[in-house]
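Asker: Here it is, the structure in full.
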Amino acid sequence: MEIIIRKETSNDFRKVEEATRQAFGYPERIERGGIGCPYEHWMVNELRKRDGVKDLSLVATVGGEIIGHVICSNAIVKNDENEKAVQNLGPISVLPQYQKQGVGKALINELIRNAKEQGHGAFLFFGRPEYYPQFGFVEAETFGISDSEGYNYPSFMGMELIPGYLGDVRGGRFYESDIYNDELNRNAVRRFDQQFID
Ligand SMILES: CC(C)(COP(=O)(O)OP(=O)(O)OC[C@H]1O[C@@H](n2cnc3c(N)ncnc32)[C@H](O)[C@@H]1OP(=O)(O)O)[C@@H](O)C(=O)NCCC(=O)NCCS
């Protein structure tokens with residue numbers, strides 16, 4: 001299987017949302033959101049209008065078909081003295097029938113390469129702690145950074161792309177786009193999802 005990773009274009013938007021909806025359509029996610037559908041396809045759509053980083057939106061294709069996608073959004077870390085821009089990784093999706101065949105790995109490796117090339121300083125995000133360490137992501141605690149409420153846990157991870165980038169926001173908190181607030185976005189997601197129902 002030849003996997004090609006390239007930047008997303010506007011022609012890909014709908015296919016990417018469909019793939020994201022399928023990838024996140026597993027029971028635990030549906031249950032957690034409590035509205036009968038995932039949120040992530042709406043997030044991807046919304047990120048294109050705000051907070052999303054166009055140059056860090058990549059698709060994975062096989063035989064010309066979109067089978068995976070990753071995007072990042074602008075977020076910040078702040079302590080009493082300083083504020084730093086960081087990239088929040090996600091959502092990342094691989095169609096269920098293509099999972100565990102190296103597609104996610106290819107997307108993340110290319111994402112890291114692109115982000116370094118574009119001069120971004122660091123990633124910080126919430127994700128599966130059993131998946132991301134293989135790429136060099138470590139707990140955010142390593143950088144002395146906590147979530148917006150001041151907590152740390154294994155699913156809150158990061159990576160410096162520029163060595164020492166997070167040094168002057170040690171002790172700071174991470175603030176991400178409010179697209180990640182399920183409670184706030186419940187109705188908008190429900191409405192958006194209608195267009196995916198036959
Ligand atoms: C998570 C996800 C993006 C991973 O993509 P993928 O293409 O299935 O993963 P890969 O095949 O590239 O995995 C690379 C390695 O990690 C392992 N791996 C994959 N998913 C894993 C998981 N959930 N937990 C632990 N290890 C995992 C693979 O076995 C593989 O190991 P190997 O290199 O020793 O063979 C994909 O499974 C997905 O879309 N899941 C549903 C949506 C989701 O949960 N997104 C992420 C939210 S944080």
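Chain labels run A, B, ... following the order of the structure tokens; each chain numbers its residues from 1, and ligands are numbered from 1 in the order shown.
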Taking a cut-off of 7 Å and counting only C-alpha atoms and all ligand atoms, can you build a table that, for each residue of chain A near ligand 1, reports the nearest atom pair and how far apart they are in Å (one decimal), sorted by chain then residue number, as JSON lines?
Answerer:
```
{"residue": "A:Ala23", "atom": "CA", "partner": "ligand 1", "partner_atom_place_in_ligand_line": "41 (C)", "distance": 4.5}
{"residue": "A:Phe24", "atom": "CA", "partner": "ligand 1", "partner_atom_place_in_ligand_line": "42 (C)", "distance": 4.7}
{"residue": "A:Pro91", "atom": "CA", "partner": "ligand 1", "partner_atom_place_in_ligand_line": "45 (N)", "distance": 6.3}
{"residue": "A:Ile92", "atom": "CA", "partner": "ligand 1", "partner_atom_place_in_ligand_line": "45 (N)", "distance": 5.0}
{"residue": "A:Ser93", "atom": "CA", "partner": "ligand 1", "partner_atom_place_in_ligand_line": "39 (O)", "distance": 3.5}
{"residue": "A:Val94", "atom": "CA", "partner": "ligand 1", "partner_atom_place_in_ligand_line": "39 (O)", "distance": 3.7}
{"residue": "A:Leu95", "atom": "CA", "partner": "ligand 1", "partner_atom_place_in_ligand_line": "39 (O)", "distance": 6.1}
{"residue": "A:Pro96", "atom": "CA", "partner": "ligand 1", "partner_atom_place_in_ligand_line": "39 (O)", "distance": 6.8}
{"residue": "A:Tyr98", "atom": "CA", "partner": "ligand 1", "partner_atom_place_in_ligand_line": "7 (O)", "distance": 6.5}
{"residue": "A:Gln99", "atom": "CA", "partner": "ligand 1", "partner_atom_place_in_ligand_line": "8 (O)", "distance": 3.3}
{"residue": "A:Lys100", "atom": "CA", "partner": "ligand 1", "partner_atom_place_in_ligand_line": "11 (O)", "distance": 3.1}
{"residue": "A:Gln101", "atom": "CA", "partner": "ligand 1", "partner_atom_place_in_ligand_line": "11 (O)", "distance": 3.9}
{"residue": "A:Gly102", "atom": "CA", "partner": "ligand 1", "partner_atom_place_in_ligand_line": "12 (O)", "distance": 3.4}
{"residue": "A:Val103", "atom": "CA", "partner": "ligand 1", "partner_atom_place_in_ligand_line": "7 (O)", "distance": 3.9}
{"residue": "A:Gly104", "atom": "CA", "partner": "ligand 1", "partner_atom_place_in_ligand_line": "7 (O)", "distance": 3.5}
{"residue": "A:Lys105", "atom": "CA", "partner": "ligand 1", "partner_atom_place_in_ligand_line": "12 (O)", "distance": 3.5}
{"residue": "A:Ala106", "atom": "CA", "partner": "ligand 1", "partner_atom_place_in_ligand_line": "12 (O)", "distance": 6.4}
{"residue": "A:Phe126", "atom": "CA", "partner": "ligand 1", "partner_atom_place_in_ligand_line": "48 (S)", "distance": 6.8}
{"residue": "A:Gly127", "atom": "CA", "partner": "ligand 1", "partner_atom_place_in_ligand_line": "48 (S)", "distance": 3.7}
{"residue": "A:Arg128", "atom": "CA", "partner": "ligand 1", "partner_atom_place_in_ligand_line": "48 (S)", "distance": 4.7}
{"residue": "A:Glu130", "atom": "CA", "partner": "ligand 1", "partner_atom_place_in_ligand_line": "25 (C)", "distance": 4.7}
{"residue": "A:Tyr131", "atom": "CA", "partner": "ligand 1", "partner_atom_place_in_ligand_line": "25 (C)", "distance": 4.3}
```
Asker: I'd like the neighbourhood of A:Ser73 as number ranges by chain, where a residue qualifies if any of its atoms comes within 12 Å (using only C-alpha atoms), though same-chain residues fewer than 5 positions away should be ignored.
Answerer: A: 43-44, 46-57, 85-92, 115, 120, 122-125, 175-180
Asker: Please save N, CA and C atoms of the selected residues as a CSV table (one decimal), in the first residue's frame.
Answerer:
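What ended up in again.csv:
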```
chain,number,residue,atom,x,y,z
A,43,MET,N,-15.3,20.0,14.2
A,43,MET,CA,-14.1,20.7,14.6
A,43,MET,C,-13.2,21.0,13.4
A,44,VAL,N,-13.0,20.0,12.5
A,44,VAL,CA,-12.2,20.2,11.4
A,44,VAL,C,-12.8,21.3,10.5
A,46,GLU,N,-14.8,23.7,11.4
A,46,GLU,CA,-14.7,25.0,12.1
A,46,GLU,C,-13.3,25.6,12.1
A,47,LEU,N,-12.3,24.7,12.3
A,47,LEU,CA,-10.9,25.1,12.3
A,47,LEU,C,-10.5,25.8,11.0
A,48,ARG,N,-11.1,25.5,10.0
A,48,ARG,CA,-10.8,26.2,8.7
A,48,ARG,C,-11.2,27.7,8.8
A,49,LYS,N,-12.2,28.0,9.6
A,49,LYS,CA,-12.6,29.4,9.7
A,49,LYS,C,-11.9,30.2,10.8
A,50,ARG,N,-11.4,29.4,11.8
A,50,ARG,CA,-10.8,30.1,12.9
A,50,ARG,C,-9.8,29.2,13.6
A,51,ASP,N,-8.7,29.7,14.1
A,51,ASP,CA,-7.7,28.9,14.9
A,51,ASP,C,-7.0,27.8,14.2
A,52,GLY,N,-7.5,27.3,13.1
A,52,GLY,CA,-6.8,26.2,12.4
A,52,GLY,C,-5.6,26.7,11.6
A,53,VAL,N,-4.6,25.9,11.4
A,53,VAL,CA,-3.4,26.3,10.7
A,53,VAL,C,-3.4,25.6,9.4
A,54,LYS,N,-3.7,26.3,8.3
A,54,LYS,CA,-3.9,25.8,7.0
A,54,LYS,C,-2.6,25.0,6.5
A,55,ASP,N,-1.5,25.5,6.8
A,55,ASP,CA,-0.3,24.9,6.4
A,55,ASP,C,0.1,23.6,7.1
A,56,LEU,N,-0.6,23.4,8.2
A,56,LEU,CA,-0.4,22.1,9.0
A,56,LEU,C,-1.7,21.2,8.9
A,57,SER,N,-2.4,21.3,7.8
A,57,SER,CA,-3.5,20.4,7.5
A,57,SER,C,-3.1,19.5,6.4
A,85,ALA,N,3.1,31.2,21.6
A,85,ALA,CA,2.2,30.5,20.7
A,85,ALA,C,2.7,29.1,20.6
A,86,VAL,N,1.7,28.1,20.6
A,86,VAL,CA,2.0,26.7,20.4
A,86,VAL,C,1.0,26.1,19.4
A,87,GLN,N,1.3,25.0,18.9
A,87,GLN,CA,0.4,24.3,18.0
A,87,GLN,C,-0.3,23.1,18.7
A,88,ASN,N,-1.6,23.1,18.7
A,88,ASN,CA,-2.4,22.1,19.3
A,88,ASN,C,-2.6,21.0,18.2
A,89,LEU,N,-2.1,19.8,18.4
A,89,LEU,CA,-2.2,18.8,17.4
A,89,LEU,C,-3.6,18.1,17.5
A,90,GLY,N,-4.3,18.1,16.3
A,90,GLY,CA,-5.5,17.3,16.2
A,90,GLY,C,-6.7,18.1,15.7
A,91,PRO,N,-7.8,17.5,15.4
A,91,PRO,CA,-7.9,16.0,15.4
A,91,PRO,C,-7.1,15.3,14.3
A,92,ILE,N,-6.7,14.1,14.6
A,92,ILE,CA,-6.1,13.2,13.6
A,92,ILE,C,-7.0,12.0,13.4
A,115,ALA,N,6.1,21.3,10.5
A,115,ALA,CA,6.0,22.3,11.6
A,115,ALA,C,7.4,22.9,11.9
A,120,HIS,N,7.6,26.7,13.7
A,120,HIS,CA,6.8,26.6,14.9
A,120,HIS,C,7.6,26.1,16.0
A,122,ALA,N,6.6,24.7,19.3
A,122,ALA,CA,6.2,23.5,20.1
A,122,ALA,C,4.8,23.0,19.8
A,123,PHE,N,4.6,21.8,20.1
A,123,PHE,CA,3.2,21.2,20.1
A,123,PHE,C,2.8,21.0,21.5
A,124,LEU,N,1.5,21.2,21.8
A,124,LEU,CA,1.0,20.8,23.1
A,124,LEU,C,-0.5,20.4,22.8
A,125,PHE,N,-0.9,19.3,23.4
A,125,PHE,CA,-2.2,18.8,23.0
A,125,PHE,C,-2.7,17.6,23.9
A,175,TYR,N,-3.9,27.2,27.0
A,175,TYR,CA,-5.2,27.6,26.6
A,175,TYR,C,-5.5,27.2,25.1
A,176,GLU,N,-6.5,26.4,24.9
A,176,GLU,CA,-6.7,26.0,23.5
A,176,GLU,C,-8.0,26.6,22.9
A,177,SER,N,-8.2,26.4,21.7
A,177,SER,CA,-9.4,27.0,21.0
A,177,SER,C,-10.7,26.5,21.7
A,178,ASP,N,-11.7,27.3,21.7
A,178,ASP,CA,-13.0,26.8,22.3
A,178,ASP,C,-13.7,25.8,21.4
A,179,ILE,N,-13.2,25.5,20.3
A,179,ILE,CA,-13.8,24.4,19.5
A,179,ILE,C,-13.7,23.1,20.3
A,180,TYR,N,-12.8,23.0,21.3
A,180,TYR,CA,-12.6,21.8,22.0
A,180,TYR,C,-13.6,21.7,23.2
```
Asker: Write out as a PDB file with C-alpha atoms, in the first residue's frame the residues lying within 9 Å of A:Gly33, counting only C-alpha atoms and excluding same-chain residues fewer than 5 positions away.
Answerer:
```pdb
ATOM      1  CA  GLU A  28     -16.708   5.571  23.535  1.00  0.00           C
ATOM      2  CA  PRO A  38     -18.755  12.627  17.116  1.00  0.00           C
ATOM      3  CA  TYR A  39     -17.638  16.279  17.310  1.00  0.00           C
ATOM      4  CA  ASP A 182     -17.990  19.889  23.874  1.00  0.00           C
ATOM      5  CA  GLU A 183     -20.556  21.509  26.144  1.00  0.00           C
ATOM      6  CA  ARG A 186     -23.170  20.701  21.329  1.00  0.00           C
TER       7      ARG A 186
END
```
Asker: If DSSP is run on the backbone, what residues of stretch 28-111 of chain A are strand (DSSP E or B)? A reply as a ChimeraX atom specification would be ideal.
Answerer: /A:52,58-62,65-78,83-94
Asker: Counting only C-alpha atoms, what is within 8 Å of A:Asn152, bar same-chain residues fewer than 4 positions away, as a PyMOL selection string?
Answerer: chain A and resi 140-141+145-147+156
Asker: Which residues, written as a ChimeraX atom specification, have at least one atom at most 12 Å from A:Arg191, with only C-alpha atoms counted and residues fewer than 4 positions away on the same chain left out?
Answerer: /A:35-37,39,42,185-187,195-197
Asker: Would you mind telling me which residue in A:Ile71, A:Leu111, A:Val62, A:Tyr151 lies nearest to A:Phe135 when using only C-alpha atoms?
Answerer: A:Leu111
Asker: With only C-alpha atoms as the counted atoms, please give the residues lying no more than 9 Å from A:Lys84, apart from itself and same-chain residues fewer than 2 positions off, as an mmCIF file with C-alpha atoms, in the first residue's frame.
Answerer:
```
data_model
loop_
_atom_site.group_PDB
_atom_site.id
_atom_site.type_symbol
_atom_site.label_atom_id
_atom_site.label_comp_id
_atom_site.auth_asym_id
_atom_site.auth_seq_id
_atom_site.Cartn_x
_atom_site.Cartn_y
_atom_site.Cartn_z
ATOM 1 C CA ALA A 75 -3.082 27.787 21.116
ATOM 2 C CA ILE A 76 -1.114 29.610 23.791
ATOM 3 C CA VAL A 77 0.815 28.989 26.980
ATOM 4 C CA LYS A 78 0.946 31.776 29.554
ATOM 5 C CA ASN A 82 5.348 35.467 29.250
ATOM 6 C CA VAL A 86 2.028 26.726 20.393
ATOM 7 C CA GLY A 121 8.165 26.308 18.401
ATOM 8 C CA TYR A 165 11.193 27.176 23.286
ATOM 9 C CA LEU A 166 8.959 26.536 26.293
ATOM 10 C CA ASP A 168 10.272 31.013 29.554
ATOM 11 C CA VAL A 169 6.660 29.825 30.061
#
```
Asker: What's the 9 Å shell around A:Ile4, counting only C-alpha atoms, without same-chain residues fewer than 5 positions away, as a PyMOL selection string?
Answerer: chain A and resi 59-64+106
Asker: Please produce an output containing N, CA and C atoms for each residue in the selection, written as a PDB file, in the first residue's frame.
Answerer:
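Below is the file that was written, result07.pdb:
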```pdb
ATOM      1  N   VAL A  59      -3.381  15.612   4.347  1.00  0.00           N
ATOM      2  CA  VAL A  59      -4.194  14.425   4.081  1.00  0.00           C
ATOM      3  C   VAL A  59      -3.287  13.249   3.718  1.00  0.00           C
ATOM      4  N   ALA A  60      -3.789  12.040   4.011  1.00  0.00           N
ATOM      5  CA  ALA A  60      -3.128  10.811   3.571  1.00  0.00           C
ATOM      6  C   ALA A  60      -4.013  10.212   2.493  1.00  0.00           C
ATOM      7  N   THR A  61      -3.407   9.821   1.384  1.00  0.00           N
ATOM      8  CA  THR A  61      -4.198   9.192   0.320  1.00  0.00           C
ATOM      9  C   THR A  61      -3.588   7.839  -0.074  1.00  0.00           C
ATOM     10  N   VAL A  62      -4.475   6.972  -0.534  1.00  0.00           N
ATOM     11  CA  VAL A  62      -4.041   5.703  -1.138  1.00  0.00           C
ATOM     12  C   VAL A  62      -4.835   5.574  -2.439  1.00  0.00           C
ATOM     13  N   GLY A  63      -4.139   5.429  -3.537  1.00  0.00           N
ATOM     14  CA  GLY A  63      -4.796   5.341  -4.847  1.00  0.00           C
ATOM     15  C   GLY A  63      -5.680   6.561  -5.118  1.00  0.00           C
ATOM     16  N   GLY A  64      -5.288   7.717  -4.614  1.00  0.00           N
ATOM     17  CA  GLY A  64      -6.034   8.958  -4.856  1.00  0.00           C
ATOM     18  C   GLY A  64      -7.182   9.199  -3.882  1.00  0.00           C
ATOM     19  N   ALA A 106       2.724   8.020   9.367  1.00  0.00           N
ATOM     20  CA  ALA A 106       3.192   8.816   8.213  1.00  0.00           C
ATOM     21  C   ALA A 106       2.682  10.254   8.330  1.00  0.00           C
TER      22      ALA A 106
END
```
Asker: Atom CA of A:Val70 to atom CA of A:Ile108: how many Å, to one decimal?
Answerer: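 The value is 7.8 Å.
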Asker: Which residue gives the smallest distance to A:Glu65 among A:Glu2, A:Glu31, A:Leu161, A:Tyr132, with only C-alpha atoms counted?
Answerer: A:Glu2
Asker: Nearest to A:Arg170: which of A:Asn109, A:Ser148, A:Asn79, A:Asn11 is it, counting only C-alpha atoms?
Answerer: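 Ranked by minimum distance to A:Arg170, first place goes to A:Asn79.
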Asker: Apply DSSP to the structure's backbone, then extract all residues of chain A labelled alpha helix (DSSP H) and return them as a ChimeraX atom specification.
Answerer: /A:13-23,27-33,40-47,103-117,182-193
Asker: Between A:Arg190, A:Arg29, A:Arg173, A:His69, which is the closest to A:Lys7 once you count only C-alpha atoms?
Answerer: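 For A:Lys7, the nearest of the given residues is A:His69.
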Asker: Could you jot down the atom CA of A:Met157 to atom CA of A:Phe13 separation for me, Å, one decimal place?
Answerer: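 According to the coordinates, atom CA of A:Met157 and atom CA of A:Phe13 are separated by 27.7 Å.
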